[in-house]
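Structure file work.txt (compact mmCIF, C-alpha atoms) is printed below.
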```
# COMPACT_ATOMS: atom_id res chain seq x y z
CA MET Z 12 20.38 85.01 -14.34
CA VAL Z 13 16.92 84.88 -15.97
CA THR Z 14 16.65 86.79 -19.21
CA GLY Z 15 13.76 87.61 -21.50
CA SER Z 16 10.22 88.67 -20.75
CA TRP Z 17 7.26 86.72 -19.40
CA GLU Z 18 5.20 88.28 -22.19
CA ASN Z 19 7.15 86.13 -24.64
CA SER Z 20 7.18 83.00 -22.52
CA LYS Z 21 5.64 79.79 -23.88
CA TRP Z 22 3.87 79.40 -20.52
CA VAL Z 23 1.98 82.64 -21.00
CA LYS Z 24 1.25 82.02 -24.68
CA CYS Z 25 -0.22 78.61 -23.90
CA SER Z 26 -2.26 79.73 -20.91
CA ASN Z 27 -6.04 79.73 -20.87
CA PRO Z 28 -7.12 83.36 -21.43
CA LEU Z 29 -9.74 83.38 -18.68
CA SER Z 30 -10.05 86.32 -16.31
CA MET Z 31 -10.36 85.83 -12.56
CA GLU Z 32 -14.04 86.78 -12.89
CA GLN Z 33 -14.61 84.14 -15.58
CA LYS Z 34 -12.91 81.49 -13.48
CA LYS Z 35 -14.99 82.43 -10.45
CA ASP Z 36 -18.20 82.19 -12.48
CA LEU Z 37 -17.28 78.75 -13.85
CA ARG Z 38 -16.18 77.49 -10.45
CA GLU Z 39 -19.30 78.69 -8.66
CA THR Z 40 -21.63 77.30 -11.34
CA ALA Z 41 -20.00 73.87 -11.20
CA LYS Z 42 -20.24 73.79 -7.41
CA LYS Z 43 -23.86 74.95 -7.38
CA ILE Z 44 -25.00 72.17 -9.70
CA VAL Z 45 -23.84 69.47 -7.28
CA GLU Z 46 -24.24 71.19 -3.91
CA ASN Z 47 -26.14 69.69 -0.97
CA GLY Z 48 -27.19 66.41 -2.57
CA LYS Z 49 -28.14 67.81 -5.96
CA GLY Z 50 -27.53 66.25 -9.36
CA ILE Z 51 -28.50 66.56 -13.00
CA LEU Z 52 -31.49 65.47 -15.07
CA ALA Z 53 -30.17 64.43 -18.48
CA ALA Z 54 -33.08 65.38 -20.76
CA ASP Z 55 -30.94 65.77 -23.87
CA GLU Z 56 -32.13 62.76 -25.86
CA SER Z 57 -32.03 63.40 -29.60
CA THR Z 58 -35.24 63.30 -31.59
CA GLY Z 59 -34.43 59.79 -32.80
CA THR Z 60 -33.63 58.44 -29.36
CA PHE Z 61 -36.71 60.09 -27.91
CA GLY Z 62 -38.74 58.36 -30.62
CA LYS Z 63 -37.66 55.00 -29.25
CA ARG Z 64 -38.89 56.01 -25.80
CA MET Z 65 -42.20 57.10 -27.31
CA ALA Z 66 -42.52 53.85 -29.26
CA SER Z 67 -42.17 51.89 -26.00
CA ILE Z 68 -45.43 53.45 -24.75
CA GLY Z 69 -47.19 53.57 -28.12
CA VAL Z 70 -47.00 57.36 -28.54
CA GLU Z 71 -46.20 59.22 -31.74
CA ASN Z 72 -42.87 61.04 -31.75
CA THR Z 73 -44.03 64.58 -32.53
CA GLU Z 74 -42.62 67.93 -31.46
CA GLU Z 75 -45.80 68.55 -29.46
CA ASN Z 76 -45.57 65.26 -27.58
CA ARG Z 77 -41.91 65.87 -26.79
CA ARG Z 78 -42.83 69.30 -25.41
CA ILE Z 79 -45.72 68.00 -23.31
CA TYR Z 80 -43.63 65.27 -21.71
CA ARG Z 81 -40.61 67.45 -20.95
CA GLN Z 82 -42.79 70.32 -19.74
CA THR Z 83 -44.45 67.87 -17.36
CA LEU Z 84 -41.05 67.12 -15.84
CA PHE Z 85 -40.00 70.77 -15.71
CA GLU Z 86 -43.24 71.75 -13.96
CA GLN Z 87 -42.04 69.66 -11.00
CA ALA Z 88 -39.23 72.17 -10.41
CA PRO Z 89 -40.69 73.52 -7.13
CA LYS Z 90 -40.71 69.96 -5.74
CA VAL Z 91 -37.39 68.72 -7.15
CA LYS Z 92 -35.24 71.85 -6.75
CA ASP Z 93 -33.64 70.36 -3.62
CA TYR Z 94 -32.47 67.34 -5.65
CA ILE Z 95 -31.93 68.64 -9.19
CA GLY Z 96 -29.26 71.31 -9.64
CA GLY Z 97 -29.16 71.32 -13.42
CA VAL Z 98 -30.88 69.95 -16.51
CA ILE Z 99 -29.13 69.02 -19.77
CA LEU Z 100 -31.30 70.02 -22.72
CA PHE Z 101 -31.54 69.08 -26.37
CA HIS Z 102 -31.42 72.07 -28.75
CA GLU Z 103 -35.14 71.84 -29.57
CA THR Z 104 -36.16 71.84 -25.92
CA LEU Z 105 -34.28 75.03 -25.07
CA TYR Z 106 -36.54 77.01 -27.38
CA GLN Z 107 -39.91 75.25 -26.96
CA THR Z 108 -42.70 77.39 -25.55
CA ASP Z 109 -45.79 76.75 -23.46
CA PRO Z 110 -48.75 77.55 -25.75
CA SER Z 111 -50.84 78.74 -22.81
CA SER Z 112 -48.37 81.48 -21.82
CA GLY Z 113 -45.97 81.88 -24.72
CA ASN Z 114 -43.04 81.49 -22.33
CA ARG Z 115 -40.20 79.05 -22.86
CA ILE Z 116 -40.76 75.84 -20.93
CA VAL Z 117 -37.27 76.11 -19.41
CA ASN Z 118 -38.60 79.09 -17.43
CA PHE Z 119 -40.12 76.56 -15.03
CA LEU Z 120 -36.54 75.48 -14.20
CA GLN Z 121 -34.92 78.91 -14.12
CA GLU Z 122 -37.57 80.32 -11.78
CA GLN Z 123 -36.51 77.72 -9.20
CA GLY Z 124 -32.78 78.27 -9.62
CA ILE Z 125 -32.18 75.09 -11.61
CA ILE Z 126 -29.30 75.68 -14.03
CA LEU Z 127 -29.69 75.09 -17.76
CA GLY Z 128 -27.21 72.95 -19.69
CA ILE Z 129 -27.06 71.98 -23.35
CA LYS Z 130 -25.86 69.01 -25.39
CA VAL Z 131 -23.33 70.34 -27.92
CA ASP Z 132 -21.86 67.25 -29.56
CA GLN Z 133 -23.26 65.97 -32.86
CA GLY Z 134 -23.07 62.21 -32.41
CA THR Z 135 -20.39 59.69 -33.28
CA VAL Z 136 -18.68 58.45 -36.45
CA ASP Z 137 -16.30 55.55 -37.01
CA GLN Z 138 -12.65 56.31 -36.28
CA GLU Z 139 -10.87 55.71 -39.54
CA GLY Z 140 -8.39 52.85 -39.34
CA TYR Z 141 -9.72 51.54 -36.03
CA PRO Z 142 -12.58 49.06 -36.62
CA GLY Z 143 -15.30 49.10 -33.98
CA GLU Z 144 -14.17 52.38 -32.43
CA VAL Z 145 -15.79 55.79 -32.73
CA ILE Z 146 -15.06 59.47 -32.25
CA THR Z 147 -17.51 62.31 -31.62
CA LYS Z 148 -18.41 65.06 -34.08
CA GLY Z 149 -19.13 68.69 -33.28
CA LEU Z 150 -15.95 70.74 -32.89
CA GLU Z 151 -16.60 72.65 -36.11
CA GLY Z 152 -18.68 75.73 -35.28
CA LEU Z 153 -18.66 74.88 -31.56
CA ASP Z 154 -17.37 78.29 -30.49
CA GLU Z 155 -20.25 80.07 -32.17
CA ARG Z 156 -22.84 77.61 -30.83
CA CYS Z 157 -21.53 77.94 -27.28
CA ARG Z 158 -21.59 81.73 -27.50
CA GLN Z 159 -25.24 81.64 -28.58
CA TYR Z 160 -26.28 79.10 -25.95
CA ARG Z 161 -24.74 81.27 -23.24
CA LYS Z 162 -26.78 84.25 -24.50
CA ASP Z 163 -29.90 82.09 -24.43
CA GLY Z 164 -29.52 81.15 -20.77
CA CYS Z 165 -27.30 78.06 -20.62
CA ARG Z 166 -24.50 77.90 -18.09
CA PHE Z 167 -23.06 74.44 -18.74
CA ALA Z 168 -22.68 71.99 -21.63
CA LYS Z 169 -22.22 68.30 -22.32
CA TRP Z 170 -20.14 66.37 -24.87
CA ARG Z 171 -20.20 62.56 -24.87
CA GLY Z 172 -17.14 60.56 -25.84
CA VAL Z 173 -17.66 56.81 -26.33
CA LEU Z 174 -15.15 54.01 -25.71
CA LYS Z 175 -15.65 50.25 -25.95
CA ILE Z 176 -14.03 47.33 -24.17
CA GLN Z 177 -13.66 44.46 -26.62
CA ALA Z 178 -11.64 41.23 -26.70
CA SER Z 179 -9.77 42.61 -29.72
CA GLY Z 180 -7.98 44.99 -27.38
CA THR Z 181 -10.09 48.11 -27.50
CA PRO Z 182 -10.16 50.81 -26.48
CA SER Z 183 -6.94 51.32 -28.42
CA ASN Z 184 -4.40 53.93 -27.38
CA ALA Z 185 -5.25 55.87 -30.54
CA ASN Z 186 -8.95 55.87 -29.68
CA ILE Z 187 -8.32 56.93 -26.09
CA GLN Z 188 -6.09 59.74 -27.32
CA ALA Z 189 -8.63 60.93 -29.90
CA VAL Z 190 -11.62 60.83 -27.56
CA THR Z 191 -9.89 62.51 -24.62
CA SER Z 192 -8.21 65.13 -26.82
CA ASP Z 193 -11.51 66.12 -28.43
CA LEU Z 194 -13.16 66.35 -25.01
CA ALA Z 195 -10.36 68.66 -23.88
CA LYS Z 196 -10.75 70.88 -26.96
CA TYR Z 197 -14.50 71.05 -26.35
CA ALA Z 198 -13.94 71.88 -22.66
CA ARG Z 199 -11.62 74.77 -23.47
CA ILE Z 200 -14.05 76.24 -26.02
CA CYS Z 201 -16.91 75.97 -23.51
CA GLN Z 202 -14.99 77.77 -20.78
CA GLN Z 203 -13.97 80.58 -23.10
CA ASN Z 204 -17.69 81.15 -23.73
CA GLY Z 205 -18.76 81.01 -20.09
CA LEU Z 206 -20.07 77.43 -20.04
CA VAL Z 207 -19.00 74.80 -17.52
CA PRO Z 208 -18.04 71.71 -19.56
CA ILE Z 209 -19.26 68.31 -18.46
CA VAL Z 210 -16.49 65.96 -19.56
CA GLU Z 211 -17.96 62.56 -20.44
CA PRO Z 212 -15.55 59.80 -21.52
CA GLU Z 213 -18.09 56.97 -21.33
CA ILE Z 214 -16.87 53.39 -21.35
CA LEU Z 215 -19.84 51.40 -22.63
CA PRO Z 216 -21.10 48.51 -20.44
CA ASP Z 217 -21.44 46.21 -23.48
CA GLY Z 218 -19.41 43.01 -23.29
CA ASP Z 219 -18.51 40.14 -21.00
CA HIS Z 220 -15.46 41.72 -19.38
CA SER Z 221 -14.93 41.48 -15.63
CA ILE Z 222 -15.19 44.33 -13.15
CA GLU Z 223 -11.39 44.17 -12.75
CA VAL Z 224 -10.95 44.89 -16.47
CA CYS Z 225 -13.43 47.76 -16.30
CA GLN Z 226 -11.50 49.30 -13.41
CA ARG Z 227 -8.16 49.07 -15.24
CA VAL Z 228 -9.62 50.62 -18.39
CA ALA Z 229 -11.36 53.36 -16.38
CA GLU Z 230 -8.10 54.30 -14.65
CA LYS Z 231 -6.25 54.42 -17.99
CA VAL Z 232 -8.96 56.47 -19.73
CA LEU Z 233 -9.41 58.96 -16.89
CA SER Z 234 -5.66 59.38 -16.51
CA ALA Z 235 -5.43 60.20 -20.22
CA GLN Z 236 -8.43 62.50 -19.91
CA TYR Z 237 -6.94 64.69 -17.22
CA ARG Z 238 -3.60 64.75 -18.96
CA ALA Z 239 -5.40 66.05 -22.08
CA LEU Z 240 -7.36 68.63 -20.09
CA ILE Z 241 -4.19 69.94 -18.47
CA GLU Z 242 -2.34 69.99 -21.81
CA HIS Z 243 -5.16 72.11 -23.26
CA ASP Z 244 -5.01 74.33 -20.16
CA VAL Z 245 -8.60 73.70 -19.14
CA TYR Z 246 -9.54 75.22 -15.78
CA ILE Z 247 -10.19 72.00 -13.81
CA GLU Z 248 -12.09 73.75 -11.00
CA GLY Z 249 -14.64 74.90 -13.59
CA THR Z 250 -15.50 71.45 -14.96
CA LEU Z 251 -17.58 68.43 -13.99
CA LEU Z 252 -16.83 64.78 -14.82
CA LYS Z 253 -19.55 62.46 -16.16
CA PRO Z 254 -18.16 58.91 -16.16
CA ASN Z 255 -19.55 55.42 -16.02
CA MET Z 256 -19.43 53.52 -12.75
CA VAL Z 257 -16.95 50.63 -12.56
CA THR Z 258 -19.06 47.54 -13.23
CA PRO Z 259 -18.75 44.16 -14.94
CA GLY Z 260 -19.80 44.03 -18.58
CA GLN Z 261 -23.49 43.40 -19.17
CA SER Z 262 -22.79 39.85 -20.39
CA CYS Z 263 -20.31 38.95 -17.64
CA SER Z 264 -21.38 35.88 -15.67
CA GLU Z 265 -19.92 37.25 -12.43
CA LYS Z 266 -22.10 40.02 -11.05
CA ALA Z 267 -20.94 42.57 -8.51
CA SER Z 268 -22.58 43.89 -5.37
CA HIS Z 269 -23.39 47.55 -4.84
CA GLU Z 270 -20.59 47.67 -2.29
CA GLU Z 271 -17.97 46.27 -4.68
CA ILE Z 272 -19.02 48.64 -7.46
CA ALA Z 273 -18.78 51.53 -5.02
CA LEU Z 274 -15.37 50.55 -3.67
CA ARG Z 275 -13.79 49.91 -7.07
CA THR Z 276 -15.23 53.10 -8.57
CA VAL Z 277 -14.07 55.35 -5.73
CA THR Z 278 -10.67 53.61 -5.63
CA ALA Z 279 -10.13 54.15 -9.36
CA PHE Z 280 -11.11 57.81 -9.15
CA ARG Z 281 -8.91 58.47 -6.11
CA ARG Z 282 -5.96 57.30 -8.19
CA VAL Z 283 -6.46 59.57 -11.21
CA VAL Z 284 -9.12 62.29 -10.73
CA PRO Z 285 -7.74 65.58 -9.35
CA PRO Z 286 -9.20 66.79 -6.04
CA ALA Z 287 -9.57 70.24 -7.64
CA MET Z 288 -12.39 68.92 -9.82
CA PRO Z 289 -15.61 69.74 -7.90
CA GLY Z 290 -18.04 67.00 -8.86
CA VAL Z 291 -18.51 63.57 -10.42
CA VAL Z 292 -21.96 63.24 -11.99
CA PHE Z 293 -22.34 59.59 -12.92
CA LEU Z 294 -24.24 58.32 -15.94
CA SER Z 295 -26.52 55.39 -15.25
CA GLY Z 296 -25.31 53.27 -18.18
CA GLY Z 297 -28.44 51.19 -18.60
CA MET Z 298 -28.74 50.19 -14.94
CA SER Z 299 -32.19 49.87 -13.48
CA GLU Z 300 -33.51 52.91 -11.65
CA GLU Z 301 -32.98 51.20 -8.30
CA ASP Z 302 -29.49 49.84 -9.03
CA ALA Z 303 -28.25 53.25 -10.17
CA SER Z 304 -29.47 54.82 -6.94
CA LEU Z 305 -28.14 52.05 -4.69
CA ASN Z 306 -24.71 52.10 -6.33
CA LEU Z 307 -24.45 55.87 -5.90
CA ASN Z 308 -25.63 55.57 -2.30
CA ALA Z 309 -23.01 52.89 -1.56
CA MET Z 310 -20.25 55.23 -2.80
CA ASN Z 311 -21.36 58.09 -0.60
CA ALA Z 312 -21.80 55.73 2.36
CA LEU Z 313 -18.12 54.69 2.22
CA GLN Z 314 -16.59 55.97 5.43
CA HIS Z 315 -12.98 54.82 5.20
CA LEU Z 316 -12.06 56.44 1.87
CA ASP Z 317 -11.62 60.17 1.47
CA LYS Z 318 -13.73 61.54 -1.41
CA PRO Z 319 -12.52 65.04 -2.32
CA TRP Z 320 -15.24 65.60 -4.94
CA LYS Z 321 -19.03 65.48 -4.74
CA LEU Z 322 -20.34 62.12 -5.98
CA SER Z 323 -23.62 62.81 -7.73
CA PHE Z 324 -25.69 61.85 -10.76
CA SER Z 325 -26.50 62.89 -14.30
CA PHE Z 326 -29.15 60.32 -15.08
CA GLY Z 327 -31.43 60.10 -18.09
CA ARG Z 328 -33.18 56.74 -18.20
CA ALA Z 329 -32.66 56.11 -14.47
CA LEU Z 330 -34.62 59.29 -13.66
CA GLN Z 331 -37.26 59.00 -16.37
CA ALA Z 332 -38.15 55.35 -17.02
CA SER Z 333 -40.97 55.23 -14.46
CA ALA Z 334 -42.12 58.74 -15.37
CA ILE Z 335 -42.51 58.11 -19.07
CA LYS Z 336 -44.28 54.81 -18.38
CA ALA Z 337 -46.67 56.54 -15.99
CA TRP Z 338 -47.43 59.26 -18.55
CA ALA Z 339 -48.17 56.88 -21.46
CA GLY Z 340 -48.96 59.89 -23.63
CA LYS Z 341 -52.20 60.70 -21.79
CA GLU Z 342 -53.12 64.14 -20.45
CA GLU Z 343 -54.84 62.64 -17.41
CA ASN Z 344 -51.59 60.90 -16.45
CA ARG Z 345 -49.40 63.99 -16.27
CA ALA Z 346 -49.71 64.23 -12.48
CA ALA Z 347 -48.63 60.60 -12.09
CA CYS Z 348 -45.73 61.23 -14.45
CA GLY Z 349 -44.58 64.20 -12.39
CA GLU Z 350 -44.87 62.26 -9.15
CA ALA Z 351 -42.81 59.35 -10.53
CA PHE Z 352 -40.08 61.79 -11.57
CA TYR Z 353 -40.13 63.48 -8.17
CA LEU Z 354 -39.72 60.15 -6.36
CA ARG Z 355 -36.64 59.20 -8.41
CA ALA Z 356 -35.15 62.68 -8.03
CA LYS Z 357 -35.62 62.44 -4.24
CA ALA Z 358 -34.13 58.95 -4.15
CA ASN Z 359 -31.01 60.07 -5.97
CA GLY Z 360 -30.72 63.21 -3.89
CA GLU Z 361 -30.67 60.99 -0.82
CA ALA Z 362 -28.12 58.70 -2.51
CA CYS Z 363 -25.83 61.71 -2.93
CA LEU Z 364 -25.83 62.00 0.84
CA GLY Z 365 -25.48 58.26 1.48
CA ILE Z 366 -28.87 58.02 3.20
CA TYR Z 367 -31.03 56.29 0.56
CA GLY Z 368 -32.66 53.23 2.08
CA GLY Z 369 -34.00 51.67 -1.12
CA SER Z 370 -37.56 51.34 -2.37
CA LYS Z 371 -39.81 48.33 -2.88
CA GLU Z 372 -41.74 50.26 -5.52
CA ALA Z 373 -38.71 51.35 -7.59
CA SER Z 374 -38.13 49.58 -10.88
CA LYS Z 375 -35.40 46.95 -10.89
CA ASP Z 376 -35.76 46.33 -14.65
CA SER Z 377 -32.54 46.80 -16.61
CA LEU Z 378 -32.52 49.82 -18.92
CA PHE Z 379 -29.53 48.55 -20.92
CA ILE Z 380 -29.43 49.28 -24.65
CA SER Z 381 -26.60 47.78 -26.69
CA ASN Z 382 -24.25 50.40 -28.22
CA HIS Z 383 -26.46 53.11 -26.77
CA VAL Z 384 -26.57 56.44 -28.57
CA TYR Z 385 -28.21 59.71 -27.53
```

This entry written out as structure tokens:
Amino acid sequence: MVTGSWENSKWVKCSNPLSMEQKKDLRETAKKIVENGKGILAADESTGTFGKRMASIGVENTEENRRIYRQTLFEQAPKVKDYIGGVILFHETLYQTDPSSGNRIVNFLQEQGIILGIKVDQGTVDQEGYPGEVITKGLEGLDERCRQYRKDGCRFAKWRGVLKIQASGTPSNANIQAVTSDLAKYARICQQNGLVPIVEPEILPDGDHSIEVCQRVAEKVLSAQYRALIEHDVYIEGTLLKPNMVTPGQSCSEKASHEEIALRTVTAFRRVVPPAMPGVVFLSGGMSEEDASLNLNAMNALQHLDKPWKLSFSFGRALQASAIKAWAGKEENRAACGEAFYLRAKANGEACLGIYGGSKEASKDSLFISNHVY
């Protein structure tokens, strides 16, 4: 005979206090971002990281130049709305205004139904006692920040965890536990404030490890990640996953084809990523614009493996490298900048459907940056 009351049960006390309406809102937002071949523009580079992009084209890293460039991309919303479902913003960008109208520049996105997201982590610090490994800052005050971002129009958020494959044996179990646990805590706080959390346990491409090693580490990390999410009672249907693709390390002498990368990535995810999770939005991890698109296309073109989630993109450099080069900081180049962005958005939208045929004009230059930070 069962005694006691459910009101006092540990299962009720530990449950995520989300209403059915909140869950529906999170679920529908997550699905909308990746529906019908859509993905995400990651435009959340920090001021310092953006400065490096500006330096590459000889442009001063000022608030005005950052606004002009990002506004140029956002003004393409009527053309890219069929390929871009959401945009991840840096704090500054969310509040920048167009001097000609006084309106926020994100209005260009919202008017076309493109969903606003926001970077909420505060960078990485060394994990004490674990040389070469890092954890991400930002949990302190996160609840308040998320609440404000929701009021200001955001509907999803991003937090980047960073893991490294090294010959010394990293990522360590302690680092995997710390990174995935913090991502789960962040995800729960986001959902309680009406934001869909993008969960990003990125395994850096640095190193000379093989693609087999990358696959094993990816399976271990993602398994730990979903265990942590479930332990923190995160609503899986109201999340998105932003992982790296399974690839050899940048310094590995044995390269992999698009087809092998696709097969190993999908195989790893089928083993550990719940079908309830609506969408995988890959990071480009320093790949060239063309390689990122072709790898994504190869995954979606796989016919013999069931893929219960949308396989999409959340690219930064792989959507912007040609655009920022075309702009070069010149007003007369803004149209060329917008067109370059549109072409990459269209290419990746097609890759989401497995119909991208490649491009002779697309850049095949590697965008890899060692120990990349945002």

With all atoms listed in the file as the counted atoms, please give the residues lying no more than 9 Å from Ile187 (chain Z), apart from itself and same-chain residues fewer than 4 positions off, as a PyMOL selection string. chain Z and resi 174+182-183+191-192+231-232+235-236

Show which residues sit within 12 Å of Val91 (chain Z), as an MDAnalysis selection string. Count all atoms listed in the file, and ignore same-chain residues fewer than 5 positions away. chainID Z and resid 48:52 84:86 96:98 119:120 123:125 330 349:360

Need the shell around Ser57 (chain Z): protein/DNA/RNA residues with any atom at most 10 Å away, counting all atoms listed in the file. Skip same-chain ones fewer than 3 positions apart. Format as a PyMOL selection string? chain Z and resi 54+60-62+100-103+130+133-134+384-385

CA of Cys165 (chain Z) sits from CA of Glu46 (chain Z) at a separation of 18.3 Å

If you count all atoms listed in the file, which residues fall within 9 Å of Leu294 (chain Z), apart from same-chain ones fewer than 4 positions away, as a ChimeraX atom specification? /Z:53,211,213,253-256,303,324-327,329

Using only C-alpha atoms, determine which residues lie at most 9 Å from region 32-45 of chain Z, disregarding the query and same-chain residues fewer than 2 positions distant; provide the list as number ranges by chain. Z: 29-30, 47-51, 95-97, 125-126, 166-167, 202-203, 205-208, 246-251, 289-292, 321-324

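With CA of Leu364 (chain Z) on one side and CA of Ala309 (chain Z) on the other, the separation reads 9.8 Å.
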
Expressed in Å, the length from CA of Gly260 (chain Z) to CA of Glu230 (chain Z) is 16.1 Å

Asn308 (chain Z) proximity check over Z:Asn76, Z:Arg282, Z:His269, Z:Gly340, using all atoms listed in the file: winner is Z:His269

Residue nearest Asp244 (chain Z) - candidates Z:Pro28, Z:Gly368, Z:Gly152, Z:Pro89, atoms counted: all atoms listed in the file: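 Answer, going by the shortest atom-to-atom distance: Z:Pro28.
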
Hey, can I get the axis-aligned box for region 275-294 of chain Z? All listed atoms, 8 Å padding on each side, centre and edge lengths in Å to one decimal, as lines of an AutoDock Vina configuration file.
```
center_x = -15.1
center_y = 60.1
center_z = -10.8
size_x = 34.3
size_y = 36.3
size_z = 26.3
```

Could you give me, as a short mmCIF file (atom, residue, chain, number, x, y, z; two decimals) with C-alpha atoms, keeping the file's coordinate frame, the residues that have an atom at most 9 Å away from the point (-17.3, 53.9, -1.2) in the coordinates of the file, using all atoms listed in the file?
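Resulting contents of out_39.cif:
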```
data_model
loop_
_atom_site.label_atom_id
_atom_site.label_comp_id
_atom_site.auth_asym_id
_atom_site.auth_seq_id
_atom_site.Cartn_x
_atom_site.Cartn_y
_atom_site.Cartn_z
CA GLU Z 270 -20.59 47.67 -2.29
CA GLU Z 271 -17.97 46.27 -4.68
CA ILE Z 272 -19.02 48.64 -7.46
CA ALA Z 273 -18.78 51.53 -5.02
CA LEU Z 274 -15.37 50.55 -3.67
CA ARG Z 275 -13.79 49.91 -7.07
CA THR Z 276 -15.23 53.10 -8.57
CA VAL Z 277 -14.07 55.35 -5.73
CA THR Z 278 -10.67 53.61 -5.63
CA LEU Z 307 -24.45 55.87 -5.90
CA ASN Z 308 -25.63 55.57 -2.30
CA ALA Z 309 -23.01 52.89 -1.56
CA MET Z 310 -20.25 55.23 -2.80
CA ASN Z 311 -21.36 58.09 -0.60
CA ALA Z 312 -21.80 55.73 2.36
CA LEU Z 313 -18.12 54.69 2.22
CA GLN Z 314 -16.59 55.97 5.43
CA HIS Z 315 -12.98 54.82 5.20
CA LEU Z 316 -12.06 56.44 1.87
CA ASP Z 317 -11.62 60.17 1.47
CA LYS Z 318 -13.73 61.54 -1.41
#
```

Which residue is closest to Leu233 (chain Z)? Choose from Z:Met288, Z:Val283, Z:Ala198, Z:Val257 and count only C-alpha atoms. Z:Val283

My list of candidates is Z:Ala362, Z:Glu122, Z:Lys266, Z:Ala332. Which is closest to Lys92 (chain Z) when distances are computed with only C-alpha atoms? Z:Glu122

Find, counting all atoms listed in the file, the residue in Z:Leu240, Z:Ile146, Z:Ile79, Z:Cys225 that gets nearest to Asn344 (chain Z).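 Among the listed residues, Z:Ile79 lies closest to Asn344 (chain Z).
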
Could region 249-261 of chain Z be completed with N, CA, C and O atoms and written as a PDB file, in the coordinates of the input, please?
```pdb
ATOM      1  N   GLY Z 249     -13.421  74.488 -12.892  1.00  0.00           N
ATOM      2  CA  GLY Z 249     -14.640  74.900 -13.590  1.00  0.00           C
ATOM      3  C   GLY Z 249     -15.151  73.839 -14.540  1.00  0.00           C
ATOM      4  O   GLY Z 249     -15.669  74.147 -15.614  1.00  0.00           O
ATOM      5  N   THR Z 250     -15.004  72.576 -14.152  1.00  0.00           N
ATOM      6  CA  THR Z 250     -15.500  71.450 -14.960  1.00  0.00           C
ATOM      7  C   THR Z 250     -16.272  70.486 -14.059  1.00  0.00           C
ATOM      8  O   THR Z 250     -16.182  70.550 -12.829  1.00  0.00           O
ATOM      9  N   LEU Z 251     -16.996  69.581 -14.671  1.00  0.00           N
ATOM     10  CA  LEU Z 251     -17.580  68.430 -13.990  1.00  0.00           C
ATOM     11  C   LEU Z 251     -17.251  67.187 -14.809  1.00  0.00           C
ATOM     12  O   LEU Z 251     -17.102  67.266 -16.034  1.00  0.00           O
ATOM     13  N   LEU Z 252     -17.135  66.053 -14.148  1.00  0.00           N
ATOM     14  CA  LEU Z 252     -16.830  64.780 -14.820  1.00  0.00           C
ATOM     15  C   LEU Z 252     -18.080  63.907 -14.849  1.00  0.00           C
ATOM     16  O   LEU Z 252     -18.726  63.718 -13.814  1.00  0.00           O
ATOM     17  N   LYS Z 253     -18.419  63.377 -16.033  1.00  0.00           N
ATOM     18  CA  LYS Z 253     -19.550  62.460 -16.160  1.00  0.00           C
ATOM     19  C   LYS Z 253     -19.048  61.107 -16.674  1.00  0.00           C
ATOM     20  O   LYS Z 253     -18.990  60.868 -17.871  1.00  0.00           O
ATOM     21  N   PRO Z 254     -18.674  60.215 -15.764  1.00  0.00           N
ATOM     22  CA  PRO Z 254     -18.160  58.910 -16.160  1.00  0.00           C
ATOM     23  C   PRO Z 254     -19.173  57.795 -15.924  1.00  0.00           C
ATOM     24  O   PRO Z 254     -20.226  57.997 -15.317  1.00  0.00           O
ATOM     25  N   ASN Z 255     -18.820  56.624 -16.396  1.00  0.00           N
ATOM     26  CA  ASN Z 255     -19.550  55.420 -16.020  1.00  0.00           C
ATOM     27  C   ASN Z 255     -19.068  54.951 -14.651  1.00  0.00           C
ATOM     28  O   ASN Z 255     -17.954  55.279 -14.222  1.00  0.00           O
ATOM     29  N   MET Z 256     -19.884  54.204 -13.950  1.00  0.00           N
ATOM     30  CA  MET Z 256     -19.430  53.520 -12.750  1.00  0.00           C
ATOM     31  C   MET Z 256     -18.600  52.306 -13.172  1.00  0.00           C
ATOM     32  O   MET Z 256     -18.721  51.819 -14.295  1.00  0.00           O
ATOM     33  N   VAL Z 257     -17.750  51.823 -12.287  1.00  0.00           N
ATOM     34  CA  VAL Z 257     -16.950  50.630 -12.560  1.00  0.00           C
ATOM     35  C   VAL Z 257     -17.809  49.403 -12.285  1.00  0.00           C
ATOM     36  O   VAL Z 257     -18.155  49.118 -11.131  1.00  0.00           O
ATOM     37  N   THR Z 258     -18.174  48.696 -13.338  1.00  0.00           N
ATOM     38  CA  THR Z 258     -19.060  47.540 -13.230  1.00  0.00           C
ATOM     39  C   THR Z 258     -18.576  46.426 -14.157  1.00  0.00           C
ATOM     40  O   THR Z 258     -17.819  46.680 -15.101  1.00  0.00           O
ATOM     41  N   PRO Z 259     -19.019  45.208 -13.946  1.00  0.00           N
ATOM     42  CA  PRO Z 259     -18.750  44.160 -14.940  1.00  0.00           C
ATOM     43  C   PRO Z 259     -19.516  44.465 -16.220  1.00  0.00           C
ATOM     44  O   PRO Z 259     -20.511  45.193 -16.205  1.00  0.00           O
ATOM     45  N   GLY Z 260     -19.052  43.890 -17.344  1.00  0.00           N
ATOM     46  CA  GLY Z 260     -19.800  44.030 -18.580  1.00  0.00           C
ATOM     47  C   GLY Z 260     -21.177  43.402 -18.453  1.00  0.00           C
ATOM     48  O   GLY Z 260     -21.394  42.505 -17.627  1.00  0.00           O
ATOM     49  N   GLN Z 261     -22.106  43.883 -19.256  1.00  0.00           N
ATOM     50  CA  GLN Z 261     -23.490  43.400 -19.170  1.00  0.00           C
ATOM     51  C   GLN Z 261     -23.598  41.893 -19.327  1.00  0.00           C
ATOM     52  O   GLN Z 261     -24.483  41.269 -18.750  1.00  0.00           O
TER      53      GLN Z 261
END
```
